[in-house]
$ cat input14.cif   # mmCIF, C-alpha atoms and all ligand atoms
data_coords
#
loop_
_atom_site.label_atom_id
_atom_site.label_comp_id
_atom_site.auth_asym_id
_atom_site.auth_seq_id
_atom_site.Cartn_x
_atom_site.Cartn_y
_atom_site.Cartn_z
CA MET A 107 63.49 -97.70 65.50
CA ALA A 108 62.79 -94.33 63.87
CA GLU A 109 65.42 -91.66 64.36
CA PRO A 110 64.55 -89.42 67.31
CA LEU A 111 63.35 -86.08 65.94
CA TYR A 112 64.50 -84.11 68.90
CA ASP A 113 66.57 -84.56 71.99
CA ALA A 114 64.62 -82.63 74.61
CA LYS A 115 67.43 -82.94 77.16
CA ASN A 116 69.85 -81.12 74.85
CA ASN A 117 67.45 -78.48 73.62
CA THR A 118 65.95 -76.97 76.70
CA ASP A 119 66.98 -75.63 80.04
CA LEU A 120 64.15 -77.65 81.62
CA ASP A 121 65.45 -80.42 83.83
CA LEU A 122 63.38 -83.27 82.44
CA ASP A 123 63.33 -86.93 83.35
CA ILE A 124 62.21 -88.75 80.17
CA ARG A 125 61.79 -92.53 80.27
CA PRO A 126 60.51 -94.53 77.30
CA ILE A 127 57.68 -96.86 78.32
CA SER A 128 58.10 -99.54 75.65
CA GLY A 129 60.14 -100.16 72.53
CA ALA A 130 57.07 -99.33 70.40
CA LEU A 131 55.91 -95.95 71.73
CA GLY A 132 55.34 -93.80 74.79
CA ALA A 133 57.46 -91.99 77.36
CA GLU A 134 56.97 -90.94 80.95
CA VAL A 135 58.00 -87.36 81.66
CA ARG A 136 58.72 -85.74 85.01
CA GLY A 137 59.95 -82.23 85.73
CA LEU A 138 57.47 -80.33 83.51
CA ASP A 139 54.79 -77.86 84.62
CA LEU A 140 52.10 -77.61 81.94
CA LYS A 141 50.47 -74.54 83.54
CA ASP A 142 51.19 -71.37 81.59
CA LEU A 143 53.74 -73.15 79.39
CA ASP A 144 55.89 -70.73 77.38
CA ASP A 145 56.71 -71.18 73.68
CA SER A 146 59.89 -73.11 74.27
CA GLY A 147 58.21 -75.36 76.85
CA PHE A 148 55.41 -76.05 74.36
CA GLU A 149 57.94 -76.82 71.62
CA THR A 150 59.60 -79.33 73.96
CA VAL A 151 56.30 -81.13 74.67
CA HIS A 152 55.31 -81.04 71.01
CA SER A 153 58.64 -82.51 69.89
CA LEU A 154 58.51 -85.22 72.53
CA LEU A 155 54.99 -86.13 71.42
CA MET A 156 56.03 -86.32 67.76
CA GLN A 157 58.89 -88.58 68.81
CA TYR A 158 57.05 -90.90 71.23
CA SER A 159 53.36 -90.56 70.10
CA VAL A 160 52.20 -90.91 73.75
CA LEU A 161 53.43 -89.03 76.83
CA ALA A 162 52.55 -89.56 80.48
CA VAL A 163 53.40 -86.23 82.08
CA HIS A 164 53.29 -86.78 85.82
CA GLY A 165 52.86 -84.15 88.53
CA GLN A 166 50.06 -82.01 87.04
CA ALA A 167 47.50 -82.28 89.87
CA HIS A 168 47.70 -78.51 90.38
CA LEU A 169 46.13 -77.83 86.96
CA THR A 170 42.56 -76.57 87.18
CA ASP A 171 40.10 -77.60 84.47
CA GLU A 172 40.57 -74.13 82.99
CA ASP A 173 44.37 -74.74 82.90
CA LEU A 174 43.79 -78.09 81.18
CA ARG A 175 41.60 -76.39 78.60
CA ASN A 176 44.19 -73.65 78.05
CA PHE A 177 46.90 -76.29 77.55
CA GLY A 178 44.66 -78.00 74.98
CA LEU A 179 44.09 -74.70 73.15
CA LEU A 180 47.85 -74.35 72.60
CA TRP A 181 47.50 -77.24 70.11
CA GLY A 182 44.43 -76.04 68.20
CA ASN A 183 40.62 -75.98 68.32
CA LEU A 184 38.94 -78.28 70.81
CA ASP A 185 36.44 -80.99 69.94
CA VAL A 186 32.92 -80.73 71.31
CA HIS A 187 32.14 -84.45 71.41
CA GLY A 188 28.39 -83.94 71.64
CA TYR A 189 27.38 -87.28 73.21
CA SER A 190 29.52 -88.26 76.23
CA PRO A 191 29.23 -86.67 79.72
CA THR A 192 31.16 -83.45 80.19
CA VAL A 193 32.76 -81.66 83.14
CA GLU A 194 30.30 -79.12 84.50
CA GLY A 195 30.78 -75.76 82.81
CA PHE A 196 32.85 -77.13 79.88
CA ASP A 197 31.14 -78.50 76.78
CA ASP A 198 34.58 -79.31 75.31
CA MET A 199 35.87 -81.39 78.26
CA LEU A 200 34.69 -84.97 78.80
CA ASN A 201 34.35 -86.38 82.27
CA ILE A 202 35.44 -90.02 82.06
CA ARG A 203 34.21 -91.26 85.38
CA SER A 204 33.77 -94.67 86.97
CA GLY A 205 32.80 -95.71 90.47
CA PRO A 206 30.34 -97.78 92.48
CA LYS A 207 27.40 -96.45 90.44
CA GLY A 208 28.77 -97.41 87.02
CA ARG A 209 31.74 -97.48 84.74
CA ALA A 210 32.76 -95.41 81.75
CA SER A 211 33.62 -98.09 79.27
CA ALA A 212 36.23 -97.69 76.55
CA GLU A 213 37.45 -101.27 76.62
CA GLY A 214 37.50 -101.66 72.85
CA TRP A 215 40.40 -100.40 70.73
CA HIS A 216 39.72 -97.11 68.98
CA SER A 217 41.11 -93.82 67.75
CA ASP A 218 39.15 -90.98 69.33
CA VAL A 219 36.10 -89.81 67.41
CA SER A 220 37.32 -91.12 64.04
CA TRP A 221 33.63 -91.00 63.03
CA LYS A 222 33.85 -87.24 62.48
CA ASP A 223 35.08 -85.74 59.20
CA ILE A 224 37.59 -83.70 61.18
CA PRO A 225 38.55 -85.97 64.08
CA PRO A 226 40.83 -85.09 66.99
CA LYS A 227 44.55 -85.12 66.27
CA ILE A 228 45.56 -85.02 69.94
CA SER A 229 43.74 -86.19 73.07
CA MET A 230 44.73 -85.62 76.67
CA LEU A 231 43.46 -87.07 79.94
CA LEU A 232 44.17 -85.54 83.31
CA ALA A 233 43.80 -88.06 86.14
CA ARG A 234 41.76 -86.62 89.02
CA LYS A 235 40.97 -89.91 90.84
CA VAL A 236 42.75 -93.22 90.30
CA PRO A 237 41.92 -96.74 91.50
CA SER A 238 44.30 -98.52 93.88
CA ILE A 239 45.26 -100.94 91.11
CA GLY A 240 44.76 -101.03 87.32
CA GLY A 241 42.89 -98.33 85.39
CA ASP A 242 45.69 -97.88 82.83
CA THR A 243 45.18 -96.67 79.28
CA VAL A 244 46.77 -99.00 76.73
CA TYR A 245 48.14 -97.63 73.45
CA ALA A 246 49.25 -99.23 70.19
CA SER A 247 51.52 -97.63 67.59
CA GLN A 248 49.90 -97.49 64.16
CA TYR A 249 53.23 -96.40 62.63
CA LYS A 250 54.78 -99.70 63.67
CA ALA A 251 51.70 -101.67 62.63
CA TYR A 252 51.91 -100.11 59.16
CA GLU A 253 55.67 -100.50 58.82
CA ASP A 254 55.54 -104.24 59.60
CA LEU A 255 53.09 -105.03 56.76
CA SER A 256 54.34 -106.72 53.60
CA GLU A 257 54.93 -104.47 50.59
CA PRO A 258 51.99 -105.93 48.57
CA MET A 259 49.63 -105.37 51.54
CA LYS A 260 50.89 -101.78 51.98
CA GLU A 261 50.34 -101.16 48.29
CA LEU A 262 46.76 -102.43 48.44
CA LEU A 263 45.80 -100.61 51.66
CA GLU A 264 47.28 -97.29 50.55
CA LYS A 265 44.68 -97.04 47.77
CA LEU A 266 41.68 -97.70 50.03
CA ASP A 267 39.27 -95.57 52.07
CA ALA A 268 37.11 -96.72 54.95
CA GLU A 269 33.89 -95.53 56.57
CA HIS A 270 33.80 -94.80 60.30
CA ASP A 271 30.58 -94.22 62.25
CA GLY A 272 29.65 -93.37 65.81
CA ARG A 273 26.70 -95.74 66.28
CA ASN A 274 28.05 -96.54 69.77
CA PHE A 275 27.01 -93.03 70.78
CA ASP A 276 23.90 -92.45 68.67
CA ILE A 277 22.34 -94.87 66.22
CA ASP A 278 21.62 -91.99 63.81
CA LEU A 279 25.37 -91.55 63.30
CA ILE A 280 25.20 -94.70 61.15
CA LYS A 281 23.66 -92.45 58.49
CA LYS A 282 26.58 -90.05 58.33
CA PRO A 283 29.79 -92.04 58.33
CA ALA A 284 33.08 -90.22 57.85
CA ARG A 285 35.34 -91.47 55.08
CA HIS A 286 39.08 -91.60 55.77
CA PRO A 287 42.09 -93.22 54.07
CA VAL A 288 43.05 -96.63 55.48
CA VAL A 289 46.66 -95.43 55.56
CA LEU A 290 47.25 -91.79 56.39
CA LYS A 291 50.34 -89.67 56.06
CA HIS A 292 51.00 -87.87 59.32
CA PRO A 293 51.02 -84.17 58.40
CA GLU A 294 53.74 -83.30 60.91
CA THR A 295 56.15 -86.27 60.94
CA GLY A 296 55.55 -87.37 57.34
CA ARG A 297 55.34 -91.01 58.51
CA LYS A 298 52.59 -93.36 57.34
CA ALA A 299 50.19 -94.94 59.82
CA LEU A 300 47.21 -97.29 59.67
CA TYR A 301 43.97 -95.45 60.41
CA VAL A 302 41.27 -98.08 60.98
CA ASN A 303 39.96 -99.18 64.35
CA ALA A 304 37.56 -101.85 65.59
CA GLY A 305 35.48 -99.30 67.53
CA PHE A 306 34.35 -97.14 64.62
CA THR A 307 35.53 -98.45 61.24
CA ARG A 308 32.65 -100.31 59.58
CA ARG A 309 33.64 -101.00 56.00
CA ILE A 310 36.25 -100.44 53.37
CA THR A 311 34.67 -98.69 50.42
CA GLY A 312 34.91 -100.22 46.96
CA LEU A 313 35.33 -103.79 48.28
CA SER A 314 32.64 -106.45 48.58
CA PRO A 315 31.24 -106.88 52.12
CA TYR A 316 33.09 -110.21 52.30
CA GLU A 317 36.45 -108.67 51.29
CA SER A 318 35.96 -105.65 53.53
CA LYS A 319 35.14 -107.78 56.57
CA GLY A 320 38.15 -110.05 55.96
CA ILE A 321 40.59 -107.15 55.69
CA LEU A 322 39.14 -105.24 58.66
CA ASN A 323 39.28 -108.39 60.83
CA MET A 324 42.91 -108.96 59.86
CA LEU A 325 43.78 -105.31 60.53
CA SER A 326 42.04 -105.07 63.88
CA GLU A 327 44.04 -108.07 65.07
CA HIS A 328 47.29 -106.84 63.52
CA CYS A 329 47.02 -103.17 64.61
CA THR A 330 46.79 -104.01 68.29
CA ARG A 331 49.41 -106.77 68.59
CA VAL A 332 51.20 -106.75 71.94
CA ARG A 333 54.46 -105.80 70.24
CA TYR A 334 53.01 -102.38 69.29
CA GLN A 335 51.71 -101.56 72.77
CA ALA A 336 52.57 -99.44 75.80
CA ARG A 337 50.53 -98.83 78.98
CA VAL A 338 50.21 -95.57 80.85
CA HIS A 339 49.72 -96.07 84.56
CA TYR A 340 48.12 -93.09 86.30
CA GLU A 341 48.93 -91.28 89.49
CA VAL A 342 46.62 -88.46 90.57
CA GLY A 343 47.87 -85.58 88.39
CA THR A 344 49.24 -87.68 85.52
CA LEU A 345 48.34 -86.11 82.18
CA SER A 346 48.42 -88.60 79.33
CA ILE A 347 48.62 -87.04 75.91
CA TRP A 348 48.56 -88.93 72.63
CA ASP A 349 48.43 -88.50 68.89
CA ASN A 350 45.29 -90.13 67.45
CA ARG A 351 46.76 -89.97 63.93
CA CYS A 352 49.25 -92.70 64.75
CA VAL A 353 47.93 -94.37 67.93
CA GLN A 354 44.92 -96.45 68.96
CA HIS A 355 43.99 -96.91 72.59
CA CYS A 356 41.69 -98.75 74.98
CA ALA A 357 40.95 -98.69 78.70
CA PRO A 358 40.64 -102.10 80.41
CA PRO A 359 38.00 -101.95 83.18
CA ASP A 360 40.18 -104.00 85.52
CA TYR A 361 39.63 -102.03 88.74
CA GLY A 362 36.23 -103.29 89.89
CA TYR A 363 33.97 -100.44 90.97
CA GLU A 364 36.66 -98.22 92.45
CA GLU A 365 36.64 -94.51 91.64
CA ARG A 366 38.46 -93.44 88.48
CA GLU A 367 37.99 -89.95 87.06
CA LEU A 368 39.84 -88.41 84.16
CA HIS A 369 39.09 -85.12 82.40
CA ARG A 370 39.58 -85.23 78.66
CA VAL A 371 40.28 -82.54 76.13
CA ALA A 372 40.69 -83.41 72.44
CA VAL A 373 42.23 -81.10 69.83
CA LEU A 374 40.84 -81.26 66.29
CA CYS A 375 42.92 -82.02 63.21
CA ASP A 376 43.67 -78.91 61.15
CA GLU A 377 42.23 -80.69 58.11
CA ARG A 378 40.80 -84.07 57.17
CA PRO A 379 43.21 -87.00 57.44
CA SER A 380 44.82 -87.57 54.04
CA ARG A 381 47.23 -89.94 52.31
C1 LIG B 401 39.06 -92.75 76.00
O1 LIG B 401 38.88 -93.68 75.24
O2 LIG B 401 39.14 -91.61 75.56
C2 LIG B 401 39.19 -93.00 77.48
C3 LIG B 401 40.42 -93.73 77.81
C4 LIG B 401 40.51 -94.05 79.26
O3 LIG B 401 39.51 -94.00 79.98
O4 LIG B 401 41.61 -94.40 79.71
#
$ encode --input "input14.cif" --output "structure tokens" --more "lines below"
Ligand code: SIN
Amino acid sequence: MAEPLYDAKNNTDLDLDIRPISGALGAEVRGLDLKDLDDSGFETVHSLLMQYSVLAVHGQAHLTDEDLRNFGLLWGNLDVHGYSPTVEGFDDMLNIRSGPKGRASAEGWHSDVSWKDIPPKISMLLARKVPSIGGDTVYASQYKAYEDLSEPMKELLEKLDAEHDGRNFDIDLIKKPARHPVVLKHPETGRKALYVNAGFTRRITGLSPYESKGILNMLSEHCTRVRYQARVHYEVGTLSIWDNRCVQHCAPPDYGYEERELHRVAVLCDERPSR
């Protein structure tokens, strides 16, 4: 287990209830109000996120979409996705909505928008409607996945780059893949993490197609092993927030055609991911 970077209970006068979700990553947090957070409140949330990589902050149903956007802006510039449905009036807030008429599908493992040169560092989902059962988001720690690799494999992967494209959204995005290191160094924690995902990573550059496919298949299985996972279960008003630089996620559509609606804001990396 990595050393905790910060003990929120000892460093704030907020009365927080912080419960780790799994041994790999994630914590549930109660007792926070993310509306109009002051500097010290923001520092608490930031430090908790650096420590746990995923937070489920419950009790935020009172946040308006404008409040959610303002909370996102505390972290940096917001991504305008450009392809997925948005919340009316906000081109930088996705509306991830399922119900009797159809389902938003993010069943495959991915790191948000890794097909852009500057992808999101942080994503957050505010649960507006939740199904009576299921509808969780599942996360996997890419720090742990990296750390468990053998030294020779780490050495090989650390030299490699991979191409990511967004063909799932628009076939033309095949023509402008983004190139990122297979292993990135997290600019804030300094830890190394795997940065390839089955959703968007198409090939490792410099390898033959056969070699690239073999390594990507191995990594997509390894990166998402159950031992690296944690699930966030939503209540109305749960805000899940995660760090795409060290986490992959997926959303099992295991709730039939019940209503599920989450509003998503994603905050862009300050610079391209680097090793
Ligand atoms: C996403 O992939 O951004 C959506 C995750 C979810 O619906 O839980």
$ closest_residue --input "input14.cif" --among "A:Leu300, A:Val244, A:Leu345, A:Val135" --to "ligand LIG 401 (chain B)" --atoms "all atoms listed in the file"
A:Val244
$ closest_atom_pairs --input "input14.cif" --of "chain A" --to "ligand LIG 401 (chain B)" --cutoff "8 Å" --atoms "all atoms listed in the file" --output "tab-separated table"
residue	atom	partner	partner_atom	distance
A:Ile202	CA	B:LIG401	O3	6.1
A:Ala210	CA	B:LIG401	O3	7.1
A:Ser211	CA	B:LIG401	O3	7.2
A:Ala212	CA	B:LIG401	O1	5.0
A:Glu213	CA	B:LIG401	O1	7.8
A:His216	CA	B:LIG401	O1	7.2
A:Ser217	CA	B:LIG401	O1	7.8
A:Asp218	CA	B:LIG401	O2	6.3
A:Ser229	CA	B:LIG401	O2	7.5
A:Leu231	CA	B:LIG401	O4	7.6
A:Gly241	CA	B:LIG401	O4	7.0
A:Asp242	CA	B:LIG401	O4	6.2
A:Thr243	CA	B:LIG401	O4	4.3
A:Val244	CA	B:LIG401	O4	7.5
A:His355	CA	B:LIG401	O1	6.6
A:Cys356	CA	B:LIG401	O1	5.8
A:Ala357	CA	B:LIG401	O4	4.5
A:Pro358	CA	B:LIG401	O4	7.8
A:Leu368	CA	B:LIG401	O3	7.0
A:Arg370	CA	B:LIG401	O2	7.1
$ residues_around --input "input14.cif" --residues "segment 171-179 of chain A" --least-positions-apart "4" --cutoff "10 Å" --atoms "all atoms listed in the file" --output "PyMOL selection string"
chain A and resi 140-143+148+166+183-184+193-196+198-199+228-232+345+347+369-373
$ atom_distance --input "input14.cif" --atom1 "atom CA of Lys319 of chain A" --atom2 "atom CA of Arg297 of chain A"
26.3 Å
$ closest_residue --input "input14.cif" --among "A:Leu200, A:Leu161, A:Leu266, A:Val338" --to "Leu322 of chain A" --atoms "only C-alpha atoms"
A:Leu266
$ atom_distance --input "input14.cif" --atom1 "atom CA of Ser380 of chain A" --atom2 "atom CA of Gly132 of chain A"
24.1 Å
$ closest_residue --input "input14.cif" --among "A:Val186, A:Val342, A:Met259, A:Ala304" --to "Glu327 of chain A" --atoms "only C-alpha atoms"
A:Ala304
$ atom_distance --input "input14.cif" --atom1 "atom CA of Gly214 of chain A" --atom2 "atom CA of Asn274 of chain A"
11.2 Å
$ closest_residue --input "input14.cif" --among "A:Leu155, A:Leu138, A:Leu313, A:Cys352" --to "Lys291 of chain A" --atoms "only C-alpha atoms"
A:Cys352
$ residues_near_point --input "input14.cif" --point "(29.4, -94.9, 68.3)" --cutoff "12 Å" --atoms "only C-alpha atoms" --output "CSV table (one decimal) with C-alpha atoms, keeping the file's coordinate frame"
chain,number,residue,atom,x,y,z
A,187,HIS,CA,32.1,-84.4,71.4
A,188,GLY,CA,28.4,-83.9,71.6
A,189,TYR,CA,27.4,-87.3,73.2
A,190,SER,CA,29.5,-88.3,76.2
A,212,ALA,CA,36.2,-97.7,76.6
A,214,GLY,CA,37.5,-101.7,72.8
A,216,HIS,CA,39.7,-97.1,69.0
A,217,SER,CA,41.1,-93.8,67.8
A,218,ASP,CA,39.2,-91.0,69.3
A,219,VAL,CA,36.1,-89.8,67.4
A,220,SER,CA,37.3,-91.1,64.0
A,221,TRP,CA,33.6,-91.0,63.0
A,222,LYS,CA,33.8,-87.2,62.5
A,270,HIS,CA,33.8,-94.8,60.3
A,271,ASP,CA,30.6,-94.2,62.2
A,272,GLY,CA,29.6,-93.4,65.8
A,273,ARG,CA,26.7,-95.7,66.3
A,274,ASN,CA,28.0,-96.5,69.8
A,275,PHE,CA,27.0,-93.0,70.8
A,276,ASP,CA,23.9,-92.4,68.7
A,277,ILE,CA,22.3,-94.9,66.2
A,278,ASP,CA,21.6,-92.0,63.8
A,279,LEU,CA,25.4,-91.6,63.3
A,280,ILE,CA,25.2,-94.7,61.2
A,281,LYS,CA,23.7,-92.4,58.5
A,282,LYS,CA,26.6,-90.0,58.3
A,283,PRO,CA,29.8,-92.0,58.3
A,304,ALA,CA,37.6,-101.8,65.6
A,305,GLY,CA,35.5,-99.3,67.5
A,306,PHE,CA,34.4,-97.1,64.6
A,307,THR,CA,35.5,-98.4,61.2
A,308,ARG,CA,32.6,-100.3,59.6
$ residues_around --input "input14.cif" --residues "Ser159 of chain A" --least-positions-apart "5" --cutoff "8 Å" --atoms "only C-alpha atoms" --output "ChimeraX atom specification"
/A:131-132,154,247,348-349,352-353
$ closest_residue --input "input14.cif" --among "A:Glu269, A:Leu120, A:Tyr340, A:Asn323" --to "Ile239 of chain A" --atoms "only C-alpha atoms"
A:Tyr340
$ closest_residue --input "input14.cif" --among "A:Arg381, A:Thr170, A:Gly165, A:His328" --to "Val289 of chain A" --atoms "only C-alpha atoms"
A:Arg381
$ build_atoms --input "input14.cif" --residues "segment 167-178 of chain A" --atoms "all heavy atoms" --output "PDB file, in the frame of the given file"
ATOM      1  N   ALA A 167      48.739 -82.341  89.077  1.00  0.00           N
ATOM      2  CA  ALA A 167      47.500 -82.280  89.870  1.00  0.00           C
ATOM      3  C   ALA A 167      47.078 -80.840  90.155  1.00  0.00           C
ATOM      4  O   ALA A 167      45.900 -80.571  90.417  1.00  0.00           O
ATOM      5  CB  ALA A 167      47.679 -83.054  91.174  1.00  0.00           C
ATOM      6  N   HIS A 168      48.034 -79.911  90.083  1.00  0.00           N
ATOM      7  CA  HIS A 168      47.700 -78.510  90.380  1.00  0.00           C
ATOM      8  C   HIS A 168      46.926 -77.835  89.242  1.00  0.00           C
ATOM      9  O   HIS A 168      46.416 -76.731  89.417  1.00  0.00           O
ATOM     10  CB  HIS A 168      48.988 -77.729  90.666  1.00  0.00           C
ATOM     11  CG  HIS A 168      49.955 -77.779  89.519  1.00  0.00           C
ATOM     12  ND1 HIS A 168      50.629 -78.930  89.158  1.00  0.00           N
ATOM     13  CD2 HIS A 168      50.335 -76.834  88.631  1.00  0.00           C
ATOM     14  CE1 HIS A 168      51.401 -78.684  88.105  1.00  0.00           C
ATOM     15  NE2 HIS A 168      51.231 -77.423  87.771  1.00  0.00           N
ATOM     16  N   LEU A 169      46.857 -78.459  88.069  1.00  0.00           N
ATOM     17  CA  LEU A 169      46.130 -77.830  86.960  1.00  0.00           C
ATOM     18  C   LEU A 169      44.640 -77.800  87.251  1.00  0.00           C
ATOM     19  O   LEU A 169      44.046 -78.826  87.582  1.00  0.00           O
ATOM     20  CB  LEU A 169      46.337 -78.584  85.640  1.00  0.00           C
ATOM     21  CG  LEU A 169      47.737 -78.712  85.035  1.00  0.00           C
ATOM     22  CD1 LEU A 169      47.649 -79.286  83.625  1.00  0.00           C
ATOM     23  CD2 LEU A 169      48.464 -77.385  85.003  1.00  0.00           C
ATOM     24  N   THR A 170      44.028 -76.637  87.105  1.00  0.00           N
ATOM     25  CA  THR A 170      42.560 -76.570  87.180  1.00  0.00           C
ATOM     26  C   THR A 170      42.006 -77.036  85.839  1.00  0.00           C
ATOM     27  O   THR A 170      42.763 -77.185  84.851  1.00  0.00           O
ATOM     28  CB  THR A 170      42.099 -75.122  87.423  1.00  0.00           C
ATOM     29  OG1 THR A 170      42.518 -74.334  86.289  1.00  0.00           O
ATOM     30  CG2 THR A 170      42.702 -74.535  88.698  1.00  0.00           C
ATOM     31  N   ASP A 171      40.692 -77.223  85.764  1.00  0.00           N
ATOM     32  CA  ASP A 171      40.100 -77.600  84.470  1.00  0.00           C
ATOM     33  C   ASP A 171      40.332 -76.491  83.441  1.00  0.00           C
ATOM     34  O   ASP A 171      40.554 -76.769  82.265  1.00  0.00           O
ATOM     35  CB  ASP A 171      38.614 -77.917  84.644  1.00  0.00           C
ATOM     36  CG  ASP A 171      38.429 -79.219  85.425  1.00  0.00           C
ATOM     37  OD1 ASP A 171      39.261 -80.134  85.249  1.00  0.00           O
ATOM     38  OD2 ASP A 171      37.481 -79.318  86.221  1.00  0.00           O
ATOM     39  N   GLU A 172      40.300 -75.251  83.901  1.00  0.00           N
ATOM     40  CA  GLU A 172      40.570 -74.130  82.990  1.00  0.00           C
ATOM     41  C   GLU A 172      42.010 -74.216  82.455  1.00  0.00           C
ATOM     42  O   GLU A 172      42.262 -73.988  81.265  1.00  0.00           O
ATOM     43  CB  GLU A 172      40.349 -72.807  83.747  1.00  0.00           C
ATOM     44  CG  GLU A 172      40.263 -71.567  82.879  1.00  0.00           C
ATOM     45  CD  GLU A 172      39.086 -71.593  81.908  1.00  0.00           C
ATOM     46  OE1 GLU A 172      37.958 -71.901  82.333  1.00  0.00           O
ATOM     47  OE2 GLU A 172      39.323 -71.312  80.708  1.00  0.00           O
ATOM     48  N   ASP A 173      42.966 -74.580  83.342  1.00  0.00           N
ATOM     49  CA  ASP A 173      44.370 -74.740  82.900  1.00  0.00           C
ATOM     50  C   ASP A 173      44.483 -75.862  81.860  1.00  0.00           C
ATOM     51  O   ASP A 173      45.226 -75.741  80.881  1.00  0.00           O
ATOM     52  CB  ASP A 173      45.293 -75.101  84.080  1.00  0.00           C
ATOM     53  CG  ASP A 173      45.396 -73.994  85.112  1.00  0.00           C
ATOM     54  OD1 ASP A 173      45.231 -72.819  84.747  1.00  0.00           O
ATOM     55  OD2 ASP A 173      45.656 -74.329  86.297  1.00  0.00           O
ATOM     56  N   LEU A 174      43.744 -76.958  82.113  1.00  0.00           N
ATOM     57  CA  LEU A 174      43.790 -78.090  81.180  1.00  0.00           C
ATOM     58  C   LEU A 174      43.274 -77.631  79.810  1.00  0.00           C
ATOM     59  O   LEU A 174      43.872 -77.921  78.763  1.00  0.00           O
ATOM     60  CB  LEU A 174      42.932 -79.240  81.715  1.00  0.00           C
ATOM     61  CG  LEU A 174      42.721 -80.428  80.774  1.00  0.00           C
ATOM     62  CD1 LEU A 174      44.046 -81.100  80.412  1.00  0.00           C
ATOM     63  CD2 LEU A 174      41.777 -81.462  81.414  1.00  0.00           C
ATOM     64  N   ARG A 175      42.179 -76.897  79.845  1.00  0.00           N
ATOM     65  CA  ARG A 175      41.600 -76.390  78.600  1.00  0.00           C
ATOM     66  C   ARG A 175      42.586 -75.461  77.892  1.00  0.00           C
ATOM     67  O   ARG A 175      42.787 -75.547  76.680  1.00  0.00           O
ATOM     68  CB  ARG A 175      40.297 -75.658  78.935  1.00  0.00           C
ATOM     69  CG  ARG A 175      39.521 -75.258  77.737  1.00  0.00           C
ATOM     70  CD  ARG A 175      38.106 -74.813  78.088  1.00  0.00           C
ATOM     71  NE  ARG A 175      37.428 -74.508  76.857  1.00  0.00           N
ATOM     72  CZ  ARG A 175      37.559 -73.360  76.217  1.00  0.00           C
ATOM     73  NH1 ARG A 175      38.297 -72.386  76.715  1.00  0.00           N
ATOM     74  NH2 ARG A 175      36.930 -73.172  75.074  1.00  0.00           N
ATOM     75  N   ASN A 176      43.221 -74.584  78.655  1.00  0.00           N
ATOM     76  CA  ASN A 176      44.190 -73.650  78.050  1.00  0.00           C
ATOM     77  C   ASN A 176      45.368 -74.406  77.446  1.00  0.00           C
ATOM     78  O   ASN A 176      45.866 -74.043  76.373  1.00  0.00           O
ATOM     79  CB  ASN A 176      44.699 -72.642  79.084  1.00  0.00           C
ATOM     80  CG  ASN A 176      43.617 -71.637  79.429  1.00  0.00           C
ATOM     81  OD1 ASN A 176      42.688 -71.425  78.650  1.00  0.00           O
ATOM     82  ND2 ASN A 176      43.717 -71.029  80.611  1.00  0.00           N
ATOM     83  N   PHE A 177      45.809 -75.477  78.117  1.00  0.00           N
ATOM     84  CA  PHE A 177      46.900 -76.290  77.550  1.00  0.00           C
ATOM     85  C   PHE A 177      46.432 -76.922  76.234  1.00  0.00           C
ATOM     86  O   PHE A 177      47.161 -76.911  75.234  1.00  0.00           O
ATOM     87  CB  PHE A 177      47.348 -77.359  78.554  1.00  0.00           C
ATOM     88  CG  PHE A 177      48.409 -78.265  78.007  1.00  0.00           C
ATOM     89  CD1 PHE A 177      49.672 -77.771  77.663  1.00  0.00           C
ATOM     90  CD2 PHE A 177      48.161 -79.624  77.815  1.00  0.00           C
ATOM     91  CE1 PHE A 177      50.644 -78.612  77.127  1.00  0.00           C
ATOM     92  CE2 PHE A 177      49.131 -80.460  77.287  1.00  0.00           C
ATOM     93  CZ  PHE A 177      50.383 -79.952  76.938  1.00  0.00           C
ATOM     94  N   GLY A 178      45.201 -77.423  76.211  1.00  0.00           N
ATOM     95  CA  GLY A 178      44.660 -78.000  74.980  1.00  0.00           C
ATOM     96  C   GLY A 178      44.631 -76.979  73.839  1.00  0.00           C
ATOM     97  O   GLY A 178      44.995 -77.285  72.699  1.00  0.00           O
TER      98      GLY A 178
END
